[in-house]
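Asker: Let me begin by handing over the structure; questions about it come next.
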Protein chains: 2
Amino acid sequence: MSEMPVQPTDEHARLVADVFARACTSRVTLEHVTGRWGTLAMVALLDGTLRFNALRRRVSGVSEKMLAQTLQALERDGFVVREAQPTIPPKVEYSLTASGEQAAELLLRLIDFVEERMPEVRAANARYDEAKGR
Amino acid sequence: MSEMPVQPTDEHARLVADVFARACTSRVTLEHVTGRWGTLAMVALLDGTLRFNALRRRVSGVSEKMLAQTLQALERDGFVVREAQPTIPPKVEYSLTASGEQAAELLLRLIDFVEERMPEVRAANARYDEAKGR
């Protein structure tokens, strides 16, 4: 995706990219993608380009400020593109980059898995609470 | 995995399991799995059963309290099993359930993706910051 000459630092970057290491920047990036709003925003954008307010309606419950921060972090990481049309009023649209699409596909699989598993999860919750006498 | 008679409520559960709906319990479960420590703990357990302190060393940076809370939520959801051996002092071990293993595999793919992408992410970060004059 990137056309920048990353080769010189590539080997180094690979060596240090370990989300288990507390100081690794990859952990921060993982959190942008897996964060509560990051996950939902990216998967919502799998359906195509969306304007800010449409995205906010889709990601039910997110505040304007939190969604803006989430999108900014994802844009900075190269997963989301923000395009402002020079209209009056300006029309701001968000879409996934190729890299963002790949990440979103992986997130969607996780969401599908969790949604499918909810009957078992609820049963496990009930068993756990009963065992703890709640 | 579950042997409980979930059929009667299964259809209903499927209908309501939508992480995009703010009140859906599946969103809470997704957050247990994708949360900062949930992700790392589950992927760490892919390598096998671990005692609490070994897990804490692996998930560098987590506090004792946060890891305990994280594991409790994952145990309650049926993704992690906690086994206390009746020894003195008691030996407490954690492992993944079959369902937890499936979730952890999906998380691992996401982690691998992010780690592989870090050179591009760092390049995107630099471009973004330069464009913003930072």
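Here, A, B, ... name the chains of the structure tokens in the order displayed, residue numbers run from 1 inside each chain, and ligands are numbered from 1 in the same displayed order.
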Write down, as a PDB file with N, CA, C and O atoms, in the first residue's frame, each residue of chain B that has any atom within 8 Å of an atom of chain A, counting only C-alpha atoms.

Answerer:
```pdb
ATOM      1  N   MET B   1     -20.158 -26.481  22.389  1.00  0.00           N
ATOM      2  CA  MET B   1     -19.457 -26.482  23.648  1.00  0.00           C
ATOM      3  C   MET B   1     -20.420 -26.634  24.812  1.00  0.00           C
ATOM      4  O   MET B   1     -20.250 -27.471  25.662  1.00  0.00           O
ATOM      5  N   SER B   2     -21.465 -25.804  24.789  1.00  0.00           N
ATOM      6  CA  SER B   2     -22.415 -25.831  25.897  1.00  0.00           C
ATOM      7  C   SER B   2     -23.363 -27.004  25.744  1.00  0.00           C
ATOM      8  O   SER B   2     -23.781 -27.354  24.658  1.00  0.00           O
ATOM      9  N   MET B   4     -26.131 -27.027  27.596  1.00  0.00           N
ATOM     10  CA  MET B   4     -27.391 -26.536  28.144  1.00  0.00           C
ATOM     11  C   MET B   4     -28.415 -26.428  27.011  1.00  0.00           C
ATOM     12  O   MET B   4     -28.048 -26.231  25.863  1.00  0.00           O
ATOM     13  N   VAL B   6     -30.121 -24.566  25.000  1.00  0.00           N
ATOM     14  CA  VAL B   6     -30.232 -23.164  24.610  1.00  0.00           C
ATOM     15  C   VAL B   6     -31.211 -22.951  23.451  1.00  0.00           C
ATOM     16  O   VAL B   6     -31.526 -21.829  23.116  1.00  0.00           O
ATOM     17  N   THR B   9     -34.192 -20.285  23.498  1.00  0.00           N
ATOM     18  CA  THR B   9     -33.894 -18.858  23.467  1.00  0.00           C
ATOM     19  C   THR B   9     -32.924 -18.517  22.332  1.00  0.00           C
ATOM     20  O   THR B   9     -32.627 -17.363  22.095  1.00  0.00           O
ATOM     21  N   ASP B  10     -32.439 -19.543  21.651  1.00  0.00           N
ATOM     22  CA  ASP B  10     -31.398 -19.342  20.652  1.00  0.00           C
ATOM     23  C   ASP B  10     -31.808 -18.346  19.569  1.00  0.00           C
ATOM     24  O   ASP B  10     -31.060 -17.427  19.238  1.00  0.00           O
ATOM     25  N   ALA B  13     -31.929 -14.910  20.903  1.00  0.00           N
ATOM     26  CA  ALA B  13     -30.580 -14.405  21.169  1.00  0.00           C
ATOM     27  C   ALA B  13     -29.902 -13.971  19.872  1.00  0.00           C
ATOM     28  O   ALA B  13     -29.222 -12.963  19.816  1.00  0.00           O
ATOM     29  N   ARG B  14     -30.112 -14.741  18.826  1.00  0.00           N
ATOM     30  CA  ARG B  14     -29.514 -14.411  17.548  1.00  0.00           C
ATOM     31  C   ARG B  14     -30.072 -13.099  16.999  1.00  0.00           C
ATOM     32  O   ARG B  14     -29.371 -12.289  16.426  1.00  0.00           O
ATOM     33  N   ALA B  17     -28.486 -10.232  19.025  1.00  0.00           N
ATOM     34  CA  ALA B  17     -27.030 -10.074  19.104  1.00  0.00           C
ATOM     35  C   ALA B  17     -26.529  -9.167  17.982  1.00  0.00           C
ATOM     36  O   ALA B  17     -26.293  -9.605  16.874  1.00  0.00           O
ATOM     37  N   ASP B  18     -26.419  -7.887  18.271  1.00  0.00           N
ATOM     38  CA  ASP B  18     -25.957  -6.907  17.285  1.00  0.00           C
ATOM     39  C   ASP B  18     -25.062  -5.911  18.008  1.00  0.00           C
ATOM     40  O   ASP B  18     -25.543  -5.063  18.760  1.00  0.00           O
ATOM     41  N   VAL B  19     -23.763  -6.053  17.794  1.00  0.00           N
ATOM     42  CA  VAL B  19     -22.821  -5.195  18.524  1.00  0.00           C
ATOM     43  C   VAL B  19     -23.013  -3.710  18.212  1.00  0.00           C
ATOM     44  O   VAL B  19     -22.533  -2.858  18.947  1.00  0.00           O
ATOM     45  N   PHE B  20     -23.704  -3.426  17.108  1.00  0.00           N
ATOM     46  CA  PHE B  20     -23.921  -2.020  16.765  1.00  0.00           C
ATOM     47  C   PHE B  20     -25.039  -1.381  17.598  1.00  0.00           C
ATOM     48  O   PHE B  20     -25.192  -0.170  17.623  1.00  0.00           O
ATOM     49  N   ALA B  21     -25.843  -2.220  18.238  1.00  0.00           N
ATOM     50  CA  ALA B  21     -26.914  -1.704  19.088  1.00  0.00           C
ATOM     51  C   ALA B  21     -26.339  -1.406  20.462  1.00  0.00           C
ATOM     52  O   ALA B  21     -25.722  -2.269  21.085  1.00  0.00           O
ATOM     53  N   ARG B  22     -26.545  -0.192  20.919  1.00  0.00           N
ATOM     54  CA  ARG B  22     -25.824   0.219  22.130  1.00  0.00           C
ATOM     55  C   ARG B  22     -26.160  -0.603  23.364  1.00  0.00           C
ATOM     56  O   ARG B  22     -25.334  -0.768  24.238  1.00  0.00           O
ATOM     57  N   SER B  26     -23.935  -8.325  23.510  1.00  0.00           N
ATOM     58  CA  SER B  26     -22.812  -8.815  22.702  1.00  0.00           C
ATOM     59  C   SER B  26     -21.713  -7.762  22.616  1.00  0.00           C
ATOM     60  O   SER B  26     -20.541  -8.080  22.445  1.00  0.00           O
ATOM     61  N   THR B  29     -19.553  -8.321  25.631  1.00  0.00           N
ATOM     62  CA  THR B  29     -18.704  -9.502  25.445  1.00  0.00           C
ATOM     63  C   THR B  29     -17.562  -9.198  24.475  1.00  0.00           C
ATOM     64  O   THR B  29     -16.410  -9.564  24.722  1.00  0.00           O
ATOM     65  N   LEU B  30     -17.889  -8.509  23.395  1.00  0.00           N
ATOM     66  CA  LEU B  30     -16.845  -8.129  22.432  1.00  0.00           C
ATOM     67  C   LEU B  30     -15.766  -7.306  23.124  1.00  0.00           C
ATOM     68  O   LEU B  30     -14.566  -7.503  22.878  1.00  0.00           O
ATOM     69  N   GLU B  31     -16.190  -6.426  24.022  1.00  0.00           N
ATOM     70  CA  GLU B  31     -15.207  -5.592  24.729  1.00  0.00           C
ATOM     71  C   GLU B  31     -14.339  -6.392  25.705  1.00  0.00           C
ATOM     72  O   GLU B  31     -13.183  -6.056  25.915  1.00  0.00           O
ATOM     73  N   THR B  34     -11.850  -7.920  23.179  1.00  0.00           N
ATOM     74  CA  THR B  34     -10.969  -7.010  22.445  1.00  0.00           C
ATOM     75  C   THR B  34     -10.325  -5.965  23.342  1.00  0.00           C
ATOM     76  O   THR B  34      -9.517  -5.171  22.874  1.00  0.00           O
ATOM     77  N   GLY B  35     -10.709  -5.934  24.611  1.00  0.00           N
ATOM     78  CA  GLY B  35     -10.117  -4.957  25.510  1.00  0.00           C
ATOM     79  C   GLY B  35      -8.603  -5.133  25.562  1.00  0.00           C
ATOM     80  O   GLY B  35      -8.083  -6.202  25.249  1.00  0.00           O
ATOM     81  N   ARG B  36      -7.921  -4.084  25.944  1.00  0.00           N
ATOM     82  CA  ARG B  36      -6.456  -4.082  25.990  1.00  0.00           C
ATOM     83  C   ARG B  36      -5.890  -5.361  26.615  1.00  0.00           C
ATOM     84  O   ARG B  36      -5.066  -6.054  26.021  1.00  0.00           O
ATOM     85  N   LEU B  40      -4.614  -9.568  25.001  1.00  0.00           N
ATOM     86  CA  LEU B  40      -3.277 -10.091  25.283  1.00  0.00           C
ATOM     87  C   LEU B  40      -3.336 -11.354  26.147  1.00  0.00           C
ATOM     88  O   LEU B  40      -2.597 -12.314  25.903  1.00  0.00           O
ATOM     89  N   ARG B  58       3.832 -12.297  31.154  1.00  0.00           N
ATOM     90  CA  ARG B  58       3.691 -12.322  29.689  1.00  0.00           C
ATOM     91  C   ARG B  58       2.980 -11.063  29.186  1.00  0.00           C
ATOM     92  O   ARG B  58       3.385 -10.456  28.210  1.00  0.00           O
ATOM     93  N   VAL B  59       1.898 -10.695  29.882  1.00  0.00           N
ATOM     94  CA  VAL B  59       1.124  -9.510  29.501  1.00  0.00           C
ATOM     95  C   VAL B  59       1.756  -8.303  30.196  1.00  0.00           C
ATOM     96  O   VAL B  59       1.203  -7.728  31.122  1.00  0.00           O
ATOM     97  N   SER B  60       2.915  -7.949  29.706  1.00  0.00           N
ATOM     98  CA  SER B  60       3.721  -6.902  30.322  1.00  0.00           C
ATOM     99  C   SER B  60       2.959  -5.591  30.532  1.00  0.00           C
ATOM    100  O   SER B  60       2.327  -5.076  29.616  1.00  0.00           O
ATOM    101  N   GLY B  61       3.012  -5.091  31.771  1.00  0.00           N
ATOM    102  CA  GLY B  61       2.415  -3.785  32.039  1.00  0.00           C
ATOM    103  C   GLY B  61       1.070  -3.838  32.737  1.00  0.00           C
ATOM    104  O   GLY B  61       0.557  -2.809  33.169  1.00  0.00           O
ATOM    105  N   ARG B  76     -16.264 -15.714  33.182  1.00  0.00           N
ATOM    106  CA  ARG B  76     -17.729 -15.601  33.262  1.00  0.00           C
ATOM    107  C   ARG B  76     -18.373 -15.773  31.877  1.00  0.00           C
ATOM    108  O   ARG B  76     -19.467 -16.317  31.747  1.00  0.00           O
ATOM    109  N   ASP B  77     -17.681 -15.309  30.840  1.00  0.00           N
ATOM    110  CA  ASP B  77     -18.208 -15.446  29.472  1.00  0.00           C
ATOM    111  C   ASP B  77     -17.961 -16.836  28.883  1.00  0.00           C
ATOM    112  O   ASP B  77     -18.396 -17.125  27.767  1.00  0.00           O
ATOM    113  N   GLY B  78     -17.210 -17.680  29.620  1.00  0.00           N
ATOM    114  CA  GLY B  78     -16.958 -19.035  29.120  1.00  0.00           C
ATOM    115  C   GLY B  78     -15.783 -19.148  28.159  1.00  0.00           C
ATOM    116  O   GLY B  78     -15.679 -20.125  27.429  1.00  0.00           O
ATOM    117  N   ALA B 103     -11.786 -17.783  19.687  1.00  0.00           N
ATOM    118  CA  ALA B 103     -11.707 -16.320  19.763  1.00  0.00           C
ATOM    119  C   ALA B 103     -10.247 -15.870  19.737  1.00  0.00           C
ATOM    120  O   ALA B 103      -9.887 -14.918  19.032  1.00  0.00           O
ATOM    121  N   LEU B 106      -8.669 -15.844  16.321  1.00  0.00           N
ATOM    122  CA  LEU B 106      -9.081 -14.671  15.540  1.00  0.00           C
ATOM    123  C   LEU B 106      -8.323 -13.427  16.000  1.00  0.00           C
ATOM    124  O   LEU B 106      -7.900 -12.593  15.187  1.00  0.00           O
ATOM    125  N   LEU B 107      -8.125 -13.321  17.310  1.00  0.00           N
ATOM    126  CA  LEU B 107      -7.366 -12.188  17.845  1.00  0.00           C
ATOM    127  C   LEU B 107      -5.906 -12.248  17.398  1.00  0.00           C
ATOM    128  O   LEU B 107      -5.304 -11.222  17.083  1.00  0.00           O
ATOM    129  N   ARG B 109      -4.746 -13.465  14.656  1.00  0.00           N
ATOM    130  CA  ARG B 109      -4.640 -13.015  13.262  1.00  0.00           C
ATOM    131  C   ARG B 109      -4.599 -11.496  13.184  1.00  0.00           C
ATOM    132  O   ARG B 109      -3.876 -10.917  12.393  1.00  0.00           O
ATOM    133  N   LEU B 110      -5.402 -10.871  14.035  1.00  0.00           N
ATOM    134  CA  LEU B 110      -5.447  -9.411  14.071  1.00  0.00           C
ATOM    135  C   LEU B 110      -4.115  -8.848  14.578  1.00  0.00           C
ATOM    136  O   LEU B 110      -3.576  -7.888  14.017  1.00  0.00           O
ATOM    137  N   ILE B 111      -3.569  -9.476  15.610  1.00  0.00           N
ATOM    138  CA  ILE B 111      -2.284  -9.037  16.149  1.00  0.00           C
ATOM    139  C   ILE B 111      -1.184  -9.203  15.108  1.00  0.00           C
ATOM    140  O   ILE B 111      -0.370  -8.314  14.891  1.00  0.00           O
ATOM    141  N   PHE B 113      -1.501  -9.240  11.934  1.00  0.00           N
ATOM    142  CA  PHE B 113      -1.728  -8.238  10.892  1.00  0.00           C
ATOM    143  C   PHE B 113      -1.152  -6.891  11.324  1.00  0.00           C
ATOM    144  O   PHE B 113      -0.412  -6.253  10.580  1.00  0.00           O
ATOM    145  N   VAL B 114      -1.489  -6.464  12.547  1.00  0.00           N
ATOM    146  CA  VAL B 114      -1.019  -5.163  13.038  1.00  0.00           C
ATOM    147  C   VAL B 114       0.510  -5.150  13.151  1.00  0.00           C
ATOM    148  O   VAL B 114       1.168  -4.200  12.726  1.00  0.00           O
ATOM    149  N   GLU B 115       1.070  -6.226  13.696  1.00  0.00           N
ATOM    150  CA  GLU B 115       2.532  -6.258  13.853  1.00  0.00           C
ATOM    151  C   GLU B 115       3.233  -6.186  12.493  1.00  0.00           C
ATOM    152  O   GLU B 115       4.221  -5.482  12.329  1.00  0.00           O
ATOM    153  N   GLU B 116       2.695  -6.918  11.520  1.00  0.00           N
ATOM    154  CA  GLU B 116       3.288  -6.892  10.165  1.00  0.00           C
ATOM    155  C   GLU B 116       3.185  -5.524   9.522  1.00  0.00           C
ATOM    156  O   GLU B 116       4.037  -5.131   8.737  1.00  0.00           O
ATOM    157  N   MET B 118       3.269  -2.596  10.956  1.00  0.00           N
ATOM    158  CA  MET B 118       3.821  -1.462  11.695  1.00  0.00           C
ATOM    159  C   MET B 118       4.727  -0.541  10.873  1.00  0.00           C
ATOM    160  O   MET B 118       4.675   0.676  11.062  1.00  0.00           O
ATOM    161  N   PRO B 119       5.531  -1.072   9.930  1.00  0.00           N
ATOM    162  CA  PRO B 119       6.328  -0.124   9.134  1.00  0.00           C
ATOM    163  C   PRO B 119       5.428   0.857   8.368  1.00  0.00           C
ATOM    164  O   PRO B 119       5.687   2.059   8.361  1.00  0.00           O
ATOM    165  N   GLU B 120       4.358   0.348   7.771  1.00  0.00           N
ATOM    166  CA  GLU B 120       3.427   1.212   7.035  1.00  0.00           C
ATOM    167  C   GLU B 120       2.699   2.152   7.975  1.00  0.00           C
ATOM    168  O   GLU B 120       2.444   3.311   7.642  1.00  0.00           O
ATOM    169  N   VAL B 121       2.325   1.637   9.164  1.00  0.00           N
ATOM    170  CA  VAL B 121       1.617   2.481  10.120  1.00  0.00           C
ATOM    171  C   VAL B 121       2.523   3.633  10.562  1.00  0.00           C
ATOM    172  O   VAL B 121       2.097   4.788  10.611  1.00  0.00           O
ATOM    173  N   ARG B 122       3.800   3.322  10.828  1.00  0.00           N
ATOM    174  CA  ARG B 122       4.716   4.384  11.250  1.00  0.00           C
ATOM    175  C   ARG B 122       4.911   5.405  10.137  1.00  0.00           C
ATOM    176  O   ARG B 122       4.988   6.607  10.394  1.00  0.00           O
ATOM    177  N   ALA B 123       4.967   4.933   8.893  1.00  0.00           N
ATOM    178  CA  ALA B 123       5.101   5.853   7.764  1.00  0.00           C
ATOM    179  C   ALA B 123       3.854   6.730   7.654  1.00  0.00           C
ATOM    180  O   ALA B 123       3.947   7.942   7.405  1.00  0.00           O
ATOM    181  N   ALA B 124       2.687   6.123   7.852  1.00  0.00           N
ATOM    182  CA  ALA B 124       1.427   6.886   7.793  1.00  0.00           C
ATOM    183  C   ALA B 124       1.385   7.917   8.921  1.00  0.00           C
ATOM    184  O   ALA B 124       0.982   9.060   8.709  1.00  0.00           O
ATOM    185  N   ASN B 125       1.825   7.524  10.106  1.00  0.00           N
ATOM    186  CA  ASN B 125       1.888   8.450  11.249  1.00  0.00           C
ATOM    187  C   ASN B 125       2.752   9.663  10.899  1.00  0.00           C
ATOM    188  O   ASN B 125       2.361  10.806  11.153  1.00  0.00           O
ATOM    189  N   TYR B 128       1.050  11.920   8.321  1.00  0.00           N
ATOM    190  CA  TYR B 128      -0.062  12.642   8.944  1.00  0.00           C
ATOM    191  C   TYR B 128       0.454  13.805   9.794  1.00  0.00           C
ATOM    192  O   TYR B 128      -0.036  14.923   9.685  1.00  0.00           O
ATOM    193  N   ASP B 129       1.449  13.508  10.617  1.00  0.00           N
ATOM    194  CA  ASP B 129       1.971  14.544  11.505  1.00  0.00           C
ATOM    195  C   ASP B 129       2.626  15.669  10.713  1.00  0.00           C
ATOM    196  O   ASP B 129       2.527  16.837  11.089  1.00  0.00           O
TER     197      ASP B 129
END
```

Asker: How far is it from atom CA of Leu108 of chain B to atom CA of Leu50 of chain B, in Å with one decimal?

Answerer: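 A separation of 17.5 Å between them.
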
Asker: Out of segment 38-89 of chain A, which residues get helix (DSSP H, G or I) from DSSP, as a list in words?

Answerer: Gly38, Thr39, Leu40, Ala41, Met42, Val43, Ala44, Leu45, Phe52, Asn53, Ala54, Leu55, Arg56, Arg57, Arg58, Glu64, Lys65, Met66, Leu67, Ala68, Gln69, Thr70, Leu71, Gln72, Ala73, Leu74, Glu75 and Arg76 of chain A

Asker: Please dump the current selection as an mmCIF file, in the first residue's frame; keep N, CA and C atoms.

Answerer:
```cif
data_model
loop_
_atom_site.group_PDB
_atom_site.id
_atom_site.type_symbol
_atom_site.label_atom_id
_atom_site.label_comp_id
_atom_site.auth_asym_id
_atom_site.auth_seq_id
_atom_site.Cartn_x
_atom_site.Cartn_y
_atom_site.Cartn_z
ATOM 1 N N GLY A 38 -13.361 2.102 17.746
ATOM 2 C CA GLY A 38 -12.549 1.808 16.556
ATOM 3 C C GLY A 38 -13.077 0.591 15.818
ATOM 4 N N THR A 39 -13.349 -0.469 16.552
ATOM 5 C CA THR A 39 -13.873 -1.703 15.950
ATOM 6 C C THR A 39 -15.176 -1.431 15.203
ATOM 7 N N LEU A 40 -16.115 -0.777 15.876
ATOM 8 C CA LEU A 40 -17.431 -0.560 15.275
ATOM 9 C C LEU A 40 -17.349 0.386 14.078
ATOM 10 N N ALA A 41 -16.536 1.439 14.184
ATOM 11 C CA ALA A 41 -16.407 2.389 13.068
ATOM 12 C C ALA A 41 -15.812 1.704 11.846
ATOM 13 N N MET A 42 -14.766 0.916 12.049
ATOM 14 C CA MET A 42 -14.125 0.261 10.906
ATOM 15 C C MET A 42 -15.053 -0.741 10.235
ATOM 16 N N VAL A 43 -15.746 -1.529 11.033
ATOM 17 C CA VAL A 43 -16.655 -2.523 10.444
ATOM 18 C C VAL A 43 -17.835 -1.829 9.749
ATOM 19 N N ALA A 44 -18.292 -0.707 10.302
ATOM 20 C CA ALA A 44 -19.369 0.049 9.649
ATOM 21 C C ALA A 44 -18.913 0.540 8.279
ATOM 22 N N LEU A 45 -17.649 0.932 8.178
ATOM 23 C CA LEU A 45 -17.122 1.456 6.912
ATOM 24 C C LEU A 45 -16.868 0.363 5.871
ATOM 25 N N PHE A 52 -19.791 11.703 8.335
ATOM 26 C CA PHE A 52 -19.612 11.641 9.779
ATOM 27 C C PHE A 52 -20.908 11.314 10.529
ATOM 28 N N ASN A 53 -21.973 12.030 10.208
ATOM 29 C CA ASN A 53 -23.216 11.822 10.957
ATOM 30 C C ASN A 53 -23.858 10.460 10.693
ATOM 31 N N ALA A 54 -23.722 9.977 9.461
ATOM 32 C CA ALA A 54 -24.258 8.649 9.144
ATOM 33 C C ALA A 54 -23.488 7.584 9.925
ATOM 34 N N LEU A 55 -22.174 7.783 10.005
ATOM 35 C CA LEU A 55 -21.327 6.847 10.744
ATOM 36 C C LEU A 55 -21.691 6.888 12.231
ATOM 37 N N ARG A 56 -21.966 8.077 12.701
ATOM 38 C CA ARG A 56 -22.309 8.218 14.118
ATOM 39 C C ARG A 56 -23.636 7.534 14.442
ATOM 40 N N ARG A 57 -24.587 7.608 13.509
ATOM 41 C CA ARG A 57 -25.857 6.923 13.736
ATOM 42 C C ARG A 57 -25.657 5.417 13.758
ATOM 43 N N ARG A 58 -24.778 4.933 12.857
ATOM 44 C CA ARG A 58 -24.525 3.493 12.770
ATOM 45 C C ARG A 58 -23.875 2.967 14.046
ATOM 46 N N GLU A 64 -20.024 12.594 19.719
ATOM 47 C CA GLU A 64 -19.389 13.244 18.576
ATOM 48 C C GLU A 64 -17.875 13.333 18.797
ATOM 49 N N LYS A 65 -17.513 13.710 20.002
ATOM 50 C CA LYS A 65 -16.096 13.888 20.328
ATOM 51 C C LYS A 65 -15.331 12.568 20.243
ATOM 52 N N MET A 66 -15.912 11.501 20.813
ATOM 53 C CA MET A 66 -15.232 10.205 20.801
ATOM 54 C C MET A 66 -15.092 9.661 19.385
ATOM 55 N N LEU A 67 -16.134 9.841 18.563
ATOM 56 C CA LEU A 67 -16.043 9.340 17.193
ATOM 57 C C LEU A 67 -14.986 10.117 16.412
ATOM 58 N N ALA A 68 -14.939 11.437 16.618
ATOM 59 C CA ALA A 68 -13.940 12.256 15.925
ATOM 60 C C ALA A 68 -12.531 11.825 16.326
ATOM 61 N N GLN A 69 -12.314 11.582 17.615
ATOM 62 C CA GLN A 69 -10.987 11.140 18.096
ATOM 63 C C GLN A 69 -10.627 9.772 17.532
ATOM 64 N N THR A 70 -11.616 8.891 17.515
ATOM 65 C CA THR A 70 -11.407 7.535 16.995
ATOM 66 C C THR A 70 -10.998 7.576 15.528
ATOM 67 N N LEU A 71 -11.730 8.359 14.745
ATOM 68 C CA LEU A 71 -11.454 8.446 13.310
ATOM 69 C C LEU A 71 -10.103 9.096 13.045
ATOM 70 N N GLN A 72 -9.759 10.065 13.877
ATOM 71 C CA GLN A 72 -8.474 10.737 13.715
ATOM 72 C C GLN A 72 -7.313 9.760 13.941
ATOM 73 N N ALA A 73 -7.443 8.946 14.974
ATOM 74 C CA ALA A 73 -6.388 7.964 15.265
ATOM 75 C C ALA A 73 -6.287 6.949 14.121
ATOM 76 N N LEU A 74 -7.427 6.509 13.604
ATOM 77 C CA LEU A 74 -7.423 5.522 12.519
ATOM 78 C C LEU A 74 -6.897 6.138 11.218
ATOM 79 N N GLU A 75 -7.178 7.430 11.014
ATOM 80 C CA GLU A 75 -6.661 8.126 9.836
ATOM 81 C C GLU A 75 -5.140 8.250 9.949
ATOM 82 N N ARG A 76 -4.685 8.605 11.130
ATOM 83 C CA ARG A 76 -3.247 8.780 11.355
ATOM 84 C C ARG A 76 -2.481 7.465 11.151
#
```

Asker: Name the residues in contact with Tyr94 of chain A at a cut-off of 6 Å, using only C-alpha atoms, excluding same-chain residues fewer than 2 positions from it; report them as a PDB file with all heavy atoms, in the first residue's frame.

Answerer:
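Below you can see out_6.pdb, which holds the result:
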```pdb
ATOM      1  N   THR A  49     -18.225   4.128   1.907  1.00  0.00           N
ATOM      2  CA  THR A  49     -17.982   5.479   2.389  1.00  0.00           C
ATOM      3  C   THR A  49     -19.190   6.017   3.160  1.00  0.00           C
ATOM      4  O   THR A  49     -20.327   5.791   2.769  1.00  0.00           O
ATOM      5  CB  THR A  49     -17.700   6.387   1.174  1.00  0.00           C
ATOM      6  OG1 THR A  49     -16.574   5.843   0.470  1.00  0.00           O
ATOM      7  CG2 THR A  49     -17.398   7.813   1.586  1.00  0.00           C
ATOM      8  N   LEU A  50     -18.901   6.694   4.262  1.00  0.00           N
ATOM      9  CA  LEU A  50     -19.985   7.266   5.061  1.00  0.00           C
ATOM     10  C   LEU A  50     -19.613   8.682   5.508  1.00  0.00           C
ATOM     11  O   LEU A  50     -18.447   8.972   5.764  1.00  0.00           O
ATOM     12  CB  LEU A  50     -20.248   6.414   6.311  1.00  0.00           C
ATOM     13  CG  LEU A  50     -21.021   5.103   6.169  1.00  0.00           C
ATOM     14  CD1 LEU A  50     -21.050   4.379   7.503  1.00  0.00           C
ATOM     15  CD2 LEU A  50     -22.447   5.366   5.680  1.00  0.00           C
ATOM     16  N   VAL A  81      -9.500   6.961   5.508  1.00  0.00           N
ATOM     17  CA  VAL A  81      -9.246   8.196   4.763  1.00  0.00           C
ATOM     18  C   VAL A  81     -10.392   9.165   5.022  1.00  0.00           C
ATOM     19  O   VAL A  81     -11.551   8.776   4.975  1.00  0.00           O
ATOM     20  CB  VAL A  81      -9.162   7.940   3.237  1.00  0.00           C
ATOM     21  CG1 VAL A  81      -8.957   9.257   2.491  1.00  0.00           C
ATOM     22  CG2 VAL A  81      -8.040   6.988   2.914  1.00  0.00           C
ATOM     23  N   ARG A  82     -10.033  10.402   5.291  1.00  0.00           N
ATOM     24  CA  ARG A  82     -11.026  11.464   5.487  1.00  0.00           C
ATOM     25  C   ARG A  82     -10.962  12.370   4.270  1.00  0.00           C
ATOM     26  O   ARG A  82      -9.904  12.883   3.933  1.00  0.00           O
ATOM     27  CB  ARG A  82     -10.650  12.240   6.749  1.00  0.00           C
ATOM     28  CG  ARG A  82     -11.554  13.410   7.080  1.00  0.00           C
ATOM     29  CD  ARG A  82     -10.973  14.166   8.273  1.00  0.00           C
ATOM     30  NE  ARG A  82     -11.837  15.253   8.699  1.00  0.00           N
ATOM     31  CZ  ARG A  82     -11.863  16.461   8.148  1.00  0.00           C
ATOM     32  NH1 ARG A  82     -11.065  16.739   7.124  1.00  0.00           N
ATOM     33  NH2 ARG A  82     -12.681  17.399   8.602  1.00  0.00           N
TER      34      ARG A  82
END
```

Asker: Per DSSP on the backbone, filter chain B down to the residues in strand (DSSP E or B) and report them as a PyMOL selection string.

Answerer: chain B and resi 50-51+80-85+91-96

Asker: Provide the atom CA of Ser95 of chain A to atom CA of Gly48 of chain A distance in Å, to one decimal place.

Answerer: 6.5 Å

Asker: Grab the atom CA of Lys132 of chain B to atom CA of Val92 of chain A distance for me, in Å with one decimal place.

Answerer: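 Spanning atom CA of Lys132 of chain B to atom CA of Val92 of chain A is a straight-line distance of 17.3 Å.
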